[in-house]
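What follows is structure21.cif (mmCIF, C-alpha atoms (C1' of nucleotides)).
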```
data_data
#
loop_
_atom_site.group_PDB
_atom_site.id
_atom_site.type_symbol
_atom_site.label_atom_id
_atom_site.label_comp_id
_atom_site.auth_asym_id
_atom_site.auth_seq_id
_atom_site.Cartn_x
_atom_site.Cartn_y
_atom_site.Cartn_z
ATOM 1 C CA MET Y 174 120.056 82.367 137.135
ATOM 2 C CA GLN Y 175 119.508 83.825 133.680
ATOM 3 C CA ALA Y 176 116.218 82.048 133.063
ATOM 4 C CA ARG Y 177 114.588 84.103 135.787
ATOM 5 C CA VAL Y 178 115.980 87.361 134.434
ATOM 6 C CA LEU Y 179 114.907 86.583 130.862
ATOM 7 C CA SER Y 180 111.449 85.605 132.012
ATOM 8 C CA ALA Y 181 111.143 88.794 134.055
ATOM 9 C CA VAL Y 182 112.289 91.022 131.184
ATOM 10 C CA ILE Y 183 109.681 89.543 128.863
ATOM 11 C CA SER Y 184 106.915 89.703 131.455
ATOM 12 C CA GLN Y 185 107.642 93.319 132.273
ATOM 13 C CA SER Y 186 107.905 94.512 128.679
ATOM 14 C CA ALA Y 187 104.867 96.259 127.244
ATOM 15 C CA ALA Y 188 105.871 95.187 123.745
ATOM 16 C CA PRO Y 189 107.197 91.914 122.330
ATOM 17 C CA LEU Y 190 111.002 91.732 122.211
ATOM 18 C CA SER Y 191 113.322 90.244 119.638
ATOM 19 C CA ILE Y 192 116.229 87.996 120.600
ATOM 20 C CA HIS Y 193 118.612 90.937 120.414
ATOM 21 C CA GLU Y 194 116.339 93.341 122.252
ATOM 22 C CA LEU Y 195 115.973 90.712 124.950
ATOM 23 C CA LEU Y 196 119.724 90.097 125.085
ATOM 24 C CA GLU Y 197 120.476 93.799 125.448
ATOM 25 C CA ALA Y 198 117.773 94.335 128.060
ATOM 26 C CA ALA Y 199 118.862 91.337 130.126
ATOM 27 C CA LYS Y 200 122.529 92.314 129.914
ATOM 28 C CA THR Y 201 121.863 95.222 132.268
ATOM 29 C CA GLU Y 202 121.240 92.585 134.952
ATOM 30 C CA VAL Y 203 123.527 89.831 133.692
ATOM 31 C CA PRO Y 204 126.375 91.616 131.903
ATOM 32 C CA GLY Y 205 128.109 88.527 130.522
ATOM 33 C CA LEU Y 206 124.938 86.994 129.140
ATOM 34 C CA GLY Y 207 125.490 85.043 125.929
ATOM 35 C CA ILE Y 208 123.125 84.836 122.981
ATOM 36 C CA ALA Y 209 123.037 81.038 123.141
ATOM 37 C CA THR Y 210 121.468 81.239 126.579
ATOM 38 C CA VAL Y 211 118.796 83.577 125.252
ATOM 39 C CA TYR Y 212 117.943 81.154 122.445
ATOM 40 C CA ARG Y 213 117.923 78.214 124.835
ATOM 41 C CA ASN Y 214 115.617 79.873 127.317
ATOM 42 C CA ILE Y 215 113.292 81.199 124.632
ATOM 43 C CA ALA Y 216 112.943 77.659 123.264
ATOM 44 C CA ARG Y 217 112.242 76.313 126.723
ATOM 45 C CA MET Y 218 109.685 79.010 127.557
ATOM 46 C CA ILE Y 219 107.874 78.475 124.271
ATOM 47 C CA ALA Y 220 107.763 74.726 124.894
ATOM 48 C CA ALA Y 221 106.420 75.415 128.379
ATOM 49 C CA GLY Y 222 103.763 77.740 126.988
ATOM 50 C CA GLU Y 223 105.042 80.705 128.991
ATOM 51 C CA ILE Y 224 105.642 82.929 125.985
ATOM 52 C CA ASN Y 225 104.484 83.258 122.384
ATOM 53 C CA ALA Y 226 106.350 84.208 119.238
ATOM 54 C CA VAL Y 227 105.118 87.311 117.445
ATOM 55 C CA VAL Y 228 106.166 87.645 113.844
ATOM 56 C CA ILE Y 229 105.985 90.932 111.980
ATOM 57 C CA PRO Y 230 106.414 90.137 108.291
ATOM 58 C CA GLY Y 231 109.980 90.681 107.175
ATOM 59 C CA GLN Y 232 111.295 90.913 110.739
ATOM 60 C CA PRO Y 233 112.887 88.475 113.125
ATOM 61 C CA PRO Y 234 110.481 86.966 115.655
ATOM 62 C CA ARG Y 235 109.651 88.765 118.855
ATOM 63 C CA TYR Y 236 108.419 87.156 122.050
ATOM 64 C CA GLU Y 237 105.841 88.110 124.617
ATOM 65 C CA ARG Y 238 104.230 86.635 127.702
ATOM 66 C CA ALA Y 239 101.509 84.118 126.876
ATOM 67 C CA GLY Y 240 97.944 84.448 128.112
ATOM 68 C CA LYS Y 241 97.325 88.081 127.237
ATOM 69 C CA PRO Y 242 93.840 88.903 125.992
ATOM 70 C CA HIS Y 243 93.408 88.826 122.225
ATOM 71 C CA HIS Y 244 95.310 91.684 120.624
ATOM 72 C CA HIS Y 245 97.224 92.735 117.540
ATOM 73 C CA TYR Y 246 100.277 94.839 116.709
ATOM 74 C CA PHE Y 247 101.352 98.199 115.455
ATOM 75 C CA TYR Y 248 104.766 98.402 113.829
ATOM 76 C CA CYS Y 249 106.357 101.854 113.736
ATOM 77 C CA GLU Y 250 108.272 102.163 110.500
ATOM 78 C CA HIS Y 251 110.336 105.013 111.909
ATOM 79 C CA CYS Y 252 111.716 103.591 115.131
ATOM 80 C CA GLY Y 253 111.066 99.902 114.472
ATOM 81 C CA ARG Y 254 109.224 99.413 117.746
ATOM 82 C CA VAL Y 255 106.202 97.169 118.105
ATOM 83 C CA PHE Y 256 103.142 98.158 120.127
ATOM 84 C CA ASP Y 257 100.263 96.039 121.338
ATOM 85 C CA LEU Y 258 96.825 96.982 120.062
ATOM 86 C CA PRO Y 259 94.143 95.630 122.402
ATOM 87 C CA GLY Y 260 90.985 94.328 120.822
ATOM 88 C CA CYS Y 261 90.166 93.186 117.351
ATOM 89 C CA VAL Y 262 88.291 94.065 114.183
ATOM 90 C CA ASN Y 263 84.812 93.105 112.970
ATOM 91 C CA GLY Y 264 83.848 91.191 109.893
ATOM 92 C CA LEU Y 265 86.585 88.595 109.929
ATOM 93 C CA ARG Y 266 84.048 85.812 109.585
ATOM 94 C CA GLN Y 267 82.706 87.193 106.336
ATOM 95 C CA MET Y 268 86.164 87.121 104.761
ATOM 96 C CA VAL Y 269 86.559 83.364 105.080
ATOM 97 C CA PRO Y 270 85.295 81.542 101.977
ATOM 98 C CA GLU Y 271 82.659 78.814 102.209
ATOM 99 C CA GLY Y 272 84.242 75.489 103.081
ATOM 100 C CA PHE Y 273 87.351 77.028 104.620
ATOM 101 C CA ARG Y 274 87.942 76.767 108.341
ATOM 102 C CA ALA Y 275 89.642 79.684 110.082
ATOM 103 C CA ILE Y 276 91.639 78.877 113.189
ATOM 104 C CA ARG Y 277 93.420 82.121 113.996
ATOM 105 C CA HIS Y 278 94.511 85.364 112.431
ATOM 106 C CA ASP Y 279 97.273 87.950 112.537
ATOM 107 C CA LEU Y 280 96.775 91.661 112.036
ATOM 108 C CA THR Y 281 99.604 94.157 111.832
ATOM 109 C CA ILE Y 282 99.087 97.863 111.320
ATOM 110 C CA TYR Y 283 102.071 99.818 109.982
ATOM 111 C CA GLY Y 284 102.713 103.511 110.378
ATOM 112 C CA ALA Y 285 104.210 106.028 112.775
ATOM 113 C CA CYS Y 286 103.922 105.800 116.536
ATOM 114 C CA ARG Y 287 102.969 108.797 118.668
ATOM 115 C CA ASN Y 288 106.564 109.645 119.419
ATOM 116 C CA CYS Y 289 107.780 109.454 115.815
ATOM 117 C CA GLU Y 290 104.712 111.316 114.585
ATOM 118 C CA SER Y 291 105.388 114.266 116.903
ATOM 119 C CA HIS Y 292 109.192 114.220 116.670
ATOM 120 C CA PRO Y 293 109.886 113.258 113.065
ATOM 121 C CA VAL Y 294 113.199 111.544 112.453
ATOM 122 C CA ALA Y 295 114.836 109.829 109.510
ATOM 123 C CA HIS Y 296 113.583 106.388 108.641
ATOM 124 C CA LEU Y 297 115.562 103.414 109.856
ATOM 125 C CA MET T 7 112.354 84.371 76.762
ATOM 126 C CA GLN T 8 111.970 83.485 80.412
ATOM 127 C CA ALA T 9 110.776 86.916 81.529
ATOM 128 C CA ARG T 10 107.563 86.440 79.562
ATOM 129 C CA VAL T 11 106.952 82.995 81.017
ATOM 130 C CA LEU T 12 107.567 84.147 84.585
ATOM 131 C CA SER T 13 105.309 87.135 84.133
ATOM 132 C CA ALA T 14 102.574 84.932 82.675
ATOM 133 C CA VAL T 15 102.802 82.386 85.489
ATOM 134 C CA ILE T 16 102.386 85.103 88.119
ATOM 135 C CA SER T 17 99.556 86.835 86.269
ATOM 136 C CA GLN T 18 97.650 83.613 85.798
ATOM 137 C CA SER T 19 98.053 82.390 89.365
ATOM 138 C CA ALA T 20 95.088 82.917 91.659
ATOM 139 C CA ALA T 21 97.420 82.982 94.649
ATOM 140 C CA PRO T 22 100.802 84.579 95.317
ATOM 141 C CA LEU T 23 103.762 82.331 94.541
ATOM 142 C CA SER T 24 107.083 81.918 96.306
ATOM 143 C CA ILE T 25 110.374 81.874 94.412
ATOM 144 C CA HIS T 26 110.372 78.085 94.470
ATOM 145 C CA GLU T 27 106.710 77.723 93.550
ATOM 146 C CA LEU T 28 107.359 80.080 90.656
ATOM 147 C CA LEU T 29 110.479 78.192 89.596
ATOM 148 C CA GLU T 30 108.642 74.866 89.594
ATOM 149 C CA ALA T 31 105.632 76.259 87.753
ATOM 150 C CA ALA T 32 107.741 77.954 85.095
ATOM 151 C CA LYS T 33 109.913 74.863 84.608
ATOM 152 C CA THR T 34 107.008 73.121 82.894
ATOM 153 C CA GLU T 35 107.470 75.628 80.067
ATOM 154 C CA VAL T 36 111.205 76.281 80.379
ATOM 155 C CA PRO T 37 112.686 73.052 81.727
ATOM 156 C CA GLY T 38 116.250 74.289 82.236
ATOM 157 C CA LEU T 39 115.204 77.434 84.075
ATOM 158 C CA GLY T 40 117.648 78.479 86.792
ATOM 159 C CA ILE T 41 116.791 80.039 90.121
ATOM 160 C CA ALA T 42 119.036 83.043 89.454
ATOM 161 C CA THR T 43 116.847 83.985 86.521
ATOM 162 C CA VAL T 44 113.780 83.812 88.731
ATOM 163 C CA TYR T 45 115.366 86.126 91.300
ATOM 164 C CA ARG T 46 116.552 88.509 88.582
ATOM 165 C CA ASN T 47 113.169 88.762 86.961
ATOM 166 C CA ILE T 48 111.338 89.108 90.263
ATOM 167 C CA ALA T 49 113.618 92.019 91.162
ATOM 168 C CA ARG T 50 113.012 93.639 87.799
ATOM 169 C CA MET T 51 109.234 93.194 87.971
ATOM 170 C CA ILE T 52 109.107 94.631 91.484
ATOM 171 C CA ALA T 53 111.189 97.623 90.396
ATOM 172 C CA ALA T 54 108.835 98.068 87.425
ATOM 173 C CA GLY T 55 105.809 97.903 89.714
ATOM 174 C CA GLU T 56 104.379 94.885 87.897
ATOM 175 C CA ILE T 57 104.249 92.675 90.978
ATOM 176 C CA ASN T 58 104.134 92.996 94.763
ATOM 177 C CA ALA T 59 105.737 90.958 97.493
ATOM 178 C CA VAL T 60 103.370 89.247 99.911
ATOM 179 C CA VAL T 61 104.837 88.124 103.201
ATOM 180 C CA ILE T 62 103.134 85.561 105.397
ATOM 181 C CA PRO T 63 104.834 85.710 108.797
ATOM 182 C CA GLY T 64 107.503 83.067 109.113
ATOM 183 C CA GLN T 65 107.453 82.233 105.416
ATOM 184 C CA PRO T 66 109.553 83.281 102.453
ATOM 185 C CA PRO T 67 108.035 86.074 100.361
ATOM 186 C CA ARG T 68 105.495 85.323 97.688
ATOM 187 C CA TYR T 69 104.733 87.479 94.691
ATOM 188 C CA GLU T 70 101.553 88.474 92.935
ATOM 189 C CA ARG T 71 100.459 90.765 90.144
ATOM 190 C CA ALA T 72 100.234 94.409 91.237
ATOM 191 C CA GLY T 73 97.073 96.480 90.964
ATOM 192 C CA LYS T 74 94.606 94.054 92.480
ATOM 193 C CA PRO T 75 91.884 95.576 94.631
ATOM 194 C CA HIS T 76 92.592 95.644 98.371
ATOM 195 C CA HIS T 77 92.609 92.133 99.762
ATOM 196 C CA HIS T 78 94.149 89.883 102.374
ATOM 197 C CA TYR T 79 95.329 86.286 102.655
ATOM 198 C CA PHE T 80 94.381 82.897 103.928
ATOM 199 C CA TYR T 81 97.206 80.508 104.714
ATOM 200 C CA CYS T 82 96.305 76.814 104.733
ATOM 201 C CA GLU T 83 98.341 75.139 107.449
ATOM 202 C CA HIS T 84 97.796 71.731 105.853
ATOM 203 C CA CYS T 85 98.936 72.257 102.277
ATOM 204 C CA GLY T 86 100.869 75.494 102.745
ATOM 205 C CA ARG T 87 98.990 77.264 99.974
ATOM 206 C CA VAL T 88 97.995 80.905 100.139
ATOM 207 C CA PHE T 89 94.590 82.160 98.990
ATOM 208 C CA ASP T 90 93.428 85.671 98.284
ATOM 209 C CA LEU T 91 90.594 86.982 100.455
ATOM 210 C CA PRO T 92 88.872 89.891 98.693
ATOM 211 C CA GLY T 93 87.712 92.759 100.836
ATOM 212 C CA CYS T 94 88.642 93.893 104.288
ATOM 213 C CA VAL T 95 87.445 94.122 107.869
ATOM 214 C CA ASN T 96 85.745 96.938 109.795
ATOM 215 C CA GLY T 97 86.936 98.735 112.848
ATOM 216 C CA LEU T 98 90.580 99.083 111.952
ATOM 217 C CA ARG T 99 90.477 102.798 112.691
ATOM 218 C CA GLN T 100 89.383 102.241 116.271
ATOM 219 C CA MET T 101 92.388 100.021 116.956
ATOM 220 C CA VAL T 102 94.926 102.753 116.252
ATOM 221 C CA PRO T 103 95.842 104.670 119.422
ATOM 222 C CA GLU T 104 95.482 108.443 119.628
ATOM 223 C CA GLY T 105 98.508 110.164 118.126
ATOM 224 C CA PHE T 106 99.540 107.179 116.007
ATOM 225 C CA ARG T 107 99.266 107.350 112.239
ATOM 226 C CA ALA T 108 98.329 104.176 110.378
ATOM 227 C CA ILE T 109 99.582 103.853 106.818
ATOM 228 C CA ARG T 110 98.732 100.291 105.860
ATOM 229 C CA HIS T 111 97.909 96.937 107.372
ATOM 230 C CA ASP T 112 98.342 93.221 106.818
ATOM 231 C CA LEU T 113 95.812 90.581 107.735
ATOM 232 C CA THR T 114 96.435 86.870 107.474
ATOM 233 C CA ILE T 115 93.891 84.238 108.419
ATOM 234 C CA TYR T 116 95.224 80.764 109.195
ATOM 235 C CA GLY T 117 93.340 77.515 108.987
ATOM 236 C CA ALA T 118 92.343 74.783 106.562
ATOM 237 C CA CYS T 119 91.371 75.447 102.947
ATOM 238 C CA ARG T 120 88.308 73.842 101.382
ATOM 239 C CA ASN T 121 90.302 71.000 99.917
ATOM 240 C CA CYS T 122 92.200 70.137 103.088
ATOM 241 C CA GLU T 123 89.034 70.474 105.164
ATOM 242 C CA SER T 124 87.194 67.921 103.035
ATOM 243 C CA HIS T 125 90.154 65.627 102.329
ATOM 244 C CA PRO T 126 92.165 65.699 105.540
ATOM 245 C CA VAL T 127 95.875 64.981 105.142
ATOM 246 C CA ALA T 128 98.894 65.083 107.407
ATOM 247 C CA HIS T 129 100.332 68.473 108.203
ATOM 248 C CA LEU T 130 103.319 69.610 106.210
ATOM 249 C "C1'" DA G 264 134.598 70.150 150.816
ATOM 250 C "C1'" DT G 265 133.400 66.736 147.100
ATOM 251 C "C1'" DT G 266 131.259 65.354 143.310
ATOM 252 C "C1'" DA G 267 127.647 64.655 139.767
ATOM 253 C "C1'" DG G 268 124.776 66.957 136.804
ATOM 254 C "C1'" DA G 269 122.980 71.019 134.766
ATOM 255 C "C1'" DA G 270 123.638 75.638 132.926
ATOM 256 C "C1'" DT G 271 126.454 78.928 130.676
ATOM 257 C "C1'" DG G 272 129.234 81.524 127.144
ATOM 258 C "C1'" DA G 273 132.107 81.420 123.150
ATOM 259 C "C1'" DT G 274 132.185 80.035 118.874
ATOM 260 C "C1'" DA G 275 131.740 76.787 115.007
ATOM 261 C "C1'" DA G 276 128.493 74.934 111.998
ATOM 262 C "C1'" DA G 277 124.091 74.645 109.728
ATOM 263 C "C1'" DT G 278 120.175 76.783 107.444
ATOM 264 C "C1'" DT G 279 117.870 79.775 104.488
ATOM 265 C "C1'" DA G 280 117.378 83.410 101.347
ATOM 266 C "C1'" DC G 281 119.506 86.168 98.376
ATOM 267 C "C1'" DT G 282 123.396 88.389 95.435
ATOM 268 C "C1'" DA G 283 127.617 88.318 92.661
ATOM 269 C "C1'" DT G 284 130.400 86.259 89.307
ATOM 270 C "C1'" DC G 285 131.411 84.350 85.076
ATOM 271 C "C1'" DA G 286 131.577 81.402 81.063
ATOM 272 C "C1'" DT G 287 128.313 80.135 77.634
ATOM 273 C "C1'" DG G 288 124.603 80.855 74.473
ATOM 274 C "C1'" DA G 289 120.971 83.654 72.385
ATOM 275 C "C1'" DT G 290 119.776 87.990 69.888
ATOM 276 C "C1'" DC G 291 120.138 91.338 66.633
ATOM 277 C "C1'" DA G 292 121.955 95.351 63.938
ATOM 278 C "C1'" DG G 293 124.749 95.957 60.203
ATOM 279 C "C1'" DC S 1 127.963 86.038 58.537
ATOM 280 C "C1'" DT S 2 130.108 88.999 62.245
ATOM 281 C "C1'" DG S 3 130.721 91.258 66.185
ATOM 282 C "C1'" DA S 4 128.653 93.466 70.211
ATOM 283 C "C1'" DT S 5 125.640 93.109 73.810
ATOM 284 C "C1'" DC S 6 122.596 91.117 76.680
ATOM 285 C "C1'" DA S 7 120.263 87.178 79.096
ATOM 286 C "C1'" DT S 8 120.929 82.836 81.115
ATOM 287 C "C1'" DG S 9 122.285 78.944 84.262
ATOM 288 C "C1'" DA S 10 125.542 77.176 87.453
ATOM 289 C "C1'" DT S 11 127.623 78.039 91.369
ATOM 290 C "C1'" DA S 12 130.317 80.574 94.774
ATOM 291 C "C1'" DG S 13 129.757 83.929 98.091
ATOM 292 C "C1'" DT S 14 127.199 86.738 101.532
ATOM 293 C "C1'" DA S 15 124.153 87.858 105.262
ATOM 294 C "C1'" DA S 16 121.150 86.822 108.990
ATOM 295 C "C1'" DT S 17 119.318 83.675 112.132
ATOM 296 C "C1'" DT S 18 119.407 79.551 114.619
ATOM 297 C "C1'" DT S 19 121.515 75.240 116.367
ATOM 298 C "C1'" DA S 20 125.395 72.305 117.870
ATOM 299 C "C1'" DT S 21 129.553 71.660 120.336
ATOM 300 C "C1'" DC S 22 132.393 71.825 124.187
ATOM 301 C "C1'" DA S 23 135.202 73.435 127.891
ATOM 302 C "C1'" DT S 24 134.222 75.943 131.966
ATOM 303 C "C1'" DT S 25 131.327 77.390 135.741
ATOM 304 C "C1'" DC S 26 127.594 77.048 138.769
ATOM 305 C "C1'" DT S 27 124.447 74.400 141.833
ATOM 306 C "C1'" DA S 28 122.983 71.258 145.090
ATOM 307 C "C1'" DA S 29 123.076 67.067 147.624
ATOM 308 C "C1'" DT S 30 125.783 64.737 150.443
#
```
How would this structure read if it were set down as structure tokens?
Amino acid sequence: MQARVLSAVISQSAAPLSIHELLEAAKTEVPGLGIATVYRNIARMIAAGEINAVVIPGQPPRYERAGKPHHHYFYCEHCGRVFDLPGCVNGLRQMVPEGFRAIRHDLTIYGACRNCESHPVAHL
Amino acid sequence: MQARVLSAVISQSAAPLSIHELLEAAKTEVPGLGIATVYRNIARMIAAGEINAVVIPGQPPRYERAGKPHHHYFYCEHCGRVFDLPGCVNGLRQMVPEGFRAIRHDLTIYGACRNCESHPVAHL
DNA sequence: ATTAGAATGATAAATTACTATCATGATCAG
DNA sequence: CTGATCATGATAGTAATTTATCATTCTAAT
């Protein structure tokens, strides 16, 4: 059953995965896996609240297990990987104008990850 | 000349505008304005460094005048408008793992703007 | 084993954002 | 005015992502 494999791949990934990253990763266990099945199961898992979509501006959505503690993301502009950043920043409250109501926020830090910083390669 | 009108609309807008918001706004001055002209002029203004693209995750790009002081954005989930939030947060440095190099960051706060908070309407 | 219903994979179609093309119209130097 | 060039608007085409369709396969209860 592909649903179980897809769910396991997402749960075991340290970073959120895109549809294609998920397809490739799951193919090692289910070689014939089709992209339609990935989309179908992602939709079902989102509806069930098992996973959340993570959107890095200008990139296709990635998905990660729901229920993690509050965190943000680091996007490596060299290798295109996304890393979780535990914790949050201070002073968010002060940024919200009087009369506005803040519900949630997204923070993405861009740069080079440890690997790309120590082993420089061409940009993607 | 449409370039002048488009440039003026962006400069005078308090918030970044999408291609369609810009088209609609500029049509009040140039009724027959075509979307191709908007795309062409946006591309030229970006190349000239006059404007910057602003991407709210999951939304088409918006554009605003370049050279503003560092700021972030508030996205109203009721009316879909984007507002500038001057300033920044503290503690960004501490979120970046050892060995990673941060170059820039995006912060978007989601919620209800003053108008939608005081005059509740249906979601878009 | 049989059968009904659900899941799957391949692929067509839809959606959205953007780019290319091209005939027409504006601009301007001479 | 005249011709050259450049911008414009309409629209076709492209690219990327997502959804719909459908025949086949799998699953499970009997």
After fit on chain T (all C-alpha, ordered pairs), chain Y as an mmCIF file with C-alpha atoms, in the frame of the given file:
```cif
data_model
loop_
_atom_site.group_PDB
_atom_site.id
_atom_site.type_symbol
_atom_site.label_atom_id
_atom_site.label_comp_id
_atom_site.auth_asym_id
_atom_site.auth_seq_id
_atom_site.Cartn_x
_atom_site.Cartn_y
_atom_site.Cartn_z
ATOM 1 C CA MET Y 174 112.466 84.856 76.855
ATOM 2 C CA GLN Y 175 112.040 83.837 80.481
ATOM 3 C CA ALA Y 176 110.849 87.233 81.667
ATOM 4 C CA ARG Y 177 107.671 86.829 79.657
ATOM 5 C CA VAL Y 178 107.040 83.335 80.989
ATOM 6 C CA LEU Y 179 107.634 84.376 84.605
ATOM 7 C CA SER Y 180 105.373 87.371 84.216
ATOM 8 C CA ALA Y 181 102.654 85.213 82.671
ATOM 9 C CA VAL Y 182 102.863 82.575 85.412
ATOM 10 C CA ILE Y 183 102.430 85.202 88.112
ATOM 11 C CA SER Y 184 99.612 86.974 86.291
ATOM 12 C CA GLN Y 185 97.710 83.758 85.728
ATOM 13 C CA SER Y 186 98.086 82.429 89.264
ATOM 14 C CA ALA Y 187 95.114 82.871 91.569
ATOM 15 C CA ALA Y 188 97.417 82.850 94.585
ATOM 16 C CA PRO Y 189 100.786 84.478 95.271
ATOM 17 C CA LEU Y 190 103.759 82.237 94.454
ATOM 18 C CA SER Y 191 107.061 81.779 96.216
ATOM 19 C CA ILE Y 192 110.366 81.778 94.344
ATOM 20 C CA HIS Y 193 110.369 77.989 94.278
ATOM 21 C CA GLU Y 194 106.724 77.656 93.315
ATOM 22 C CA LEU Y 195 107.387 80.108 90.510
ATOM 23 C CA LEU Y 196 110.522 78.255 89.414
ATOM 24 C CA GLU Y 197 108.702 74.927 89.293
ATOM 25 C CA ALA Y 198 105.693 76.368 87.480
ATOM 26 C CA ALA Y 199 107.827 78.158 84.894
ATOM 27 C CA LYS Y 200 110.005 75.095 84.329
ATOM 28 C CA THR Y 201 107.113 73.401 82.540
ATOM 29 C CA GLU Y 202 107.593 76.019 79.808
ATOM 30 C CA VAL Y 203 111.317 76.653 80.171
ATOM 31 C CA PRO Y 204 112.789 73.368 81.413
ATOM 32 C CA GLY Y 205 116.340 74.601 81.988
ATOM 33 C CA LEU Y 206 115.281 77.683 83.911
ATOM 34 C CA GLY Y 207 117.717 78.647 86.660
ATOM 35 C CA ILE Y 208 116.839 80.090 90.047
ATOM 36 C CA ALA Y 209 119.079 83.113 89.494
ATOM 37 C CA THR Y 210 116.909 84.161 86.575
ATOM 38 C CA VAL Y 211 113.817 83.921 88.753
ATOM 39 C CA TYR Y 212 115.396 86.156 91.397
ATOM 40 C CA ARG Y 213 116.587 88.614 88.771
ATOM 41 C CA ASN Y 214 113.213 88.925 87.113
ATOM 42 C CA ILE Y 215 111.350 89.167 90.406
ATOM 43 C CA ALA Y 216 113.627 92.052 91.417
ATOM 44 C CA ARG Y 217 113.053 93.764 88.100
ATOM 45 C CA MET Y 218 109.273 93.315 88.205
ATOM 46 C CA ILE Y 219 109.095 94.646 91.749
ATOM 47 C CA ALA Y 220 111.169 97.675 90.760
ATOM 48 C CA ALA Y 221 108.855 98.205 87.796
ATOM 49 C CA GLY Y 222 105.798 97.962 90.031
ATOM 50 C CA GLU Y 223 104.406 94.987 88.121
ATOM 51 C CA ILE Y 224 104.246 92.683 91.123
ATOM 52 C CA ASN Y 225 104.101 92.914 94.910
ATOM 53 C CA ALA Y 226 105.706 90.803 97.603
ATOM 54 C CA VAL Y 227 103.331 89.039 99.971
ATOM 55 C CA VAL Y 228 104.824 87.889 103.231
ATOM 56 C CA ILE Y 229 103.135 85.320 105.436
ATOM 57 C CA PRO Y 230 104.887 85.429 108.804
ATOM 58 C CA GLY Y 231 107.488 82.707 109.087
ATOM 59 C CA GLN Y 232 107.413 81.939 105.360
ATOM 60 C CA PRO Y 233 109.494 83.001 102.407
ATOM 61 C CA PRO Y 234 107.990 85.843 100.376
ATOM 62 C CA ARG Y 235 105.444 85.170 97.687
ATOM 63 C CA TYR Y 236 104.706 87.401 94.722
ATOM 64 C CA GLU Y 237 101.543 88.436 92.968
ATOM 65 C CA ARG Y 238 100.468 90.792 90.215
ATOM 66 C CA ALA Y 239 100.210 94.396 91.385
ATOM 67 C CA GLY Y 240 97.039 96.445 91.082
ATOM 68 C CA LYS Y 241 94.558 93.945 92.476
ATOM 69 C CA PRO Y 242 91.776 95.398 94.602
ATOM 70 C CA HIS Y 243 92.465 95.481 98.331
ATOM 71 C CA HIS Y 244 92.523 91.964 99.736
ATOM 72 C CA HIS Y 245 94.085 89.749 102.369
ATOM 73 C CA TYR Y 246 95.268 86.151 102.673
ATOM 74 C CA PHE Y 247 94.312 82.781 103.997
ATOM 75 C CA TYR Y 248 97.142 80.386 104.770
ATOM 76 C CA CYS Y 249 96.216 76.699 104.861
ATOM 77 C CA GLU Y 250 98.276 75.051 107.558
ATOM 78 C CA HIS Y 251 97.691 71.637 106.021
ATOM 79 C CA CYS Y 252 98.773 72.094 102.425
ATOM 80 C CA GLY Y 253 100.736 75.328 102.808
ATOM 81 C CA ARG Y 254 98.832 77.074 100.037
ATOM 82 C CA VAL Y 255 97.879 80.730 100.166
ATOM 83 C CA PHE Y 256 94.476 82.003 99.057
ATOM 84 C CA ASP Y 257 93.334 85.529 98.344
ATOM 85 C CA LEU Y 258 90.520 86.856 100.502
ATOM 86 C CA PRO Y 259 88.763 89.736 98.737
ATOM 87 C CA GLY Y 260 87.622 92.617 100.873
ATOM 88 C CA CYS Y 261 88.605 93.790 104.291
ATOM 89 C CA VAL Y 262 87.476 94.068 107.893
ATOM 90 C CA ASN Y 263 85.792 96.907 109.789
ATOM 91 C CA GLY Y 264 87.043 98.797 112.776
ATOM 92 C CA LEU Y 265 90.673 99.113 111.799
ATOM 93 C CA ARG Y 266 90.593 102.840 112.431
ATOM 94 C CA GLN Y 267 89.572 102.390 116.039
ATOM 95 C CA MET Y 268 92.590 100.184 116.722
ATOM 96 C CA VAL Y 269 95.123 102.884 115.904
ATOM 97 C CA PRO Y 270 96.101 104.888 118.998
ATOM 98 C CA GLU Y 271 95.767 108.672 119.104
ATOM 99 C CA GLY Y 272 98.775 110.330 117.516
ATOM 100 C CA PHE Y 273 99.744 107.292 115.457
ATOM 101 C CA ARG Y 274 99.394 107.371 111.698
ATOM 102 C CA ALA Y 275 98.412 104.153 109.934
ATOM 103 C CA ILE Y 276 99.602 103.739 106.370
ATOM 104 C CA ARG Y 277 98.717 100.154 105.524
ATOM 105 C CA HIS Y 278 97.925 96.846 107.131
ATOM 106 C CA ASP Y 279 98.355 93.116 106.654
ATOM 107 C CA LEU Y 280 95.820 90.504 107.667
ATOM 108 C CA THR Y 281 96.434 86.782 107.463
ATOM 109 C CA ILE Y 282 93.891 84.185 108.490
ATOM 110 C CA TYR Y 283 95.245 80.713 109.283
ATOM 111 C CA GLY Y 284 93.340 77.463 109.156
ATOM 112 C CA ALA Y 285 92.286 74.726 106.764
ATOM 113 C CA CYS Y 286 91.253 75.330 103.180
ATOM 114 C CA ARG Y 287 88.148 73.732 101.683
ATOM 115 C CA ASN Y 288 90.106 70.877 100.192
ATOM 116 C CA CYS Y 289 92.049 70.030 103.356
ATOM 117 C CA GLU Y 290 88.931 70.415 105.483
ATOM 118 C CA SER Y 291 87.020 67.848 103.411
ATOM 119 C CA HIS Y 292 89.937 65.494 102.720
ATOM 120 C CA PRO Y 293 91.968 65.574 105.925
ATOM 121 C CA VAL Y 294 95.647 64.801 105.533
ATOM 122 C CA ALA Y 295 98.676 64.921 107.790
ATOM 123 C CA HIS Y 296 100.091 68.325 108.548
ATOM 124 C CA LEU Y 297 103.090 69.485 106.573
#
```
- Message: If the cut-off is 9 Å, can you tell me the residues of chain T near chain Y, counting only C-alpha atoms? I'd like them as a PyMOL selection string.
- Response: chain T and resi 60-67+78+80+82+91-98+100-124
- Task: Pick out the closest residue to chain G from this set: Y:Ala181, Y:Met218, Y:Ala188, Y:Val203. Count all atoms listed in the file.
- Result: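 Closest to chain G of all the choices is Y:Val203.
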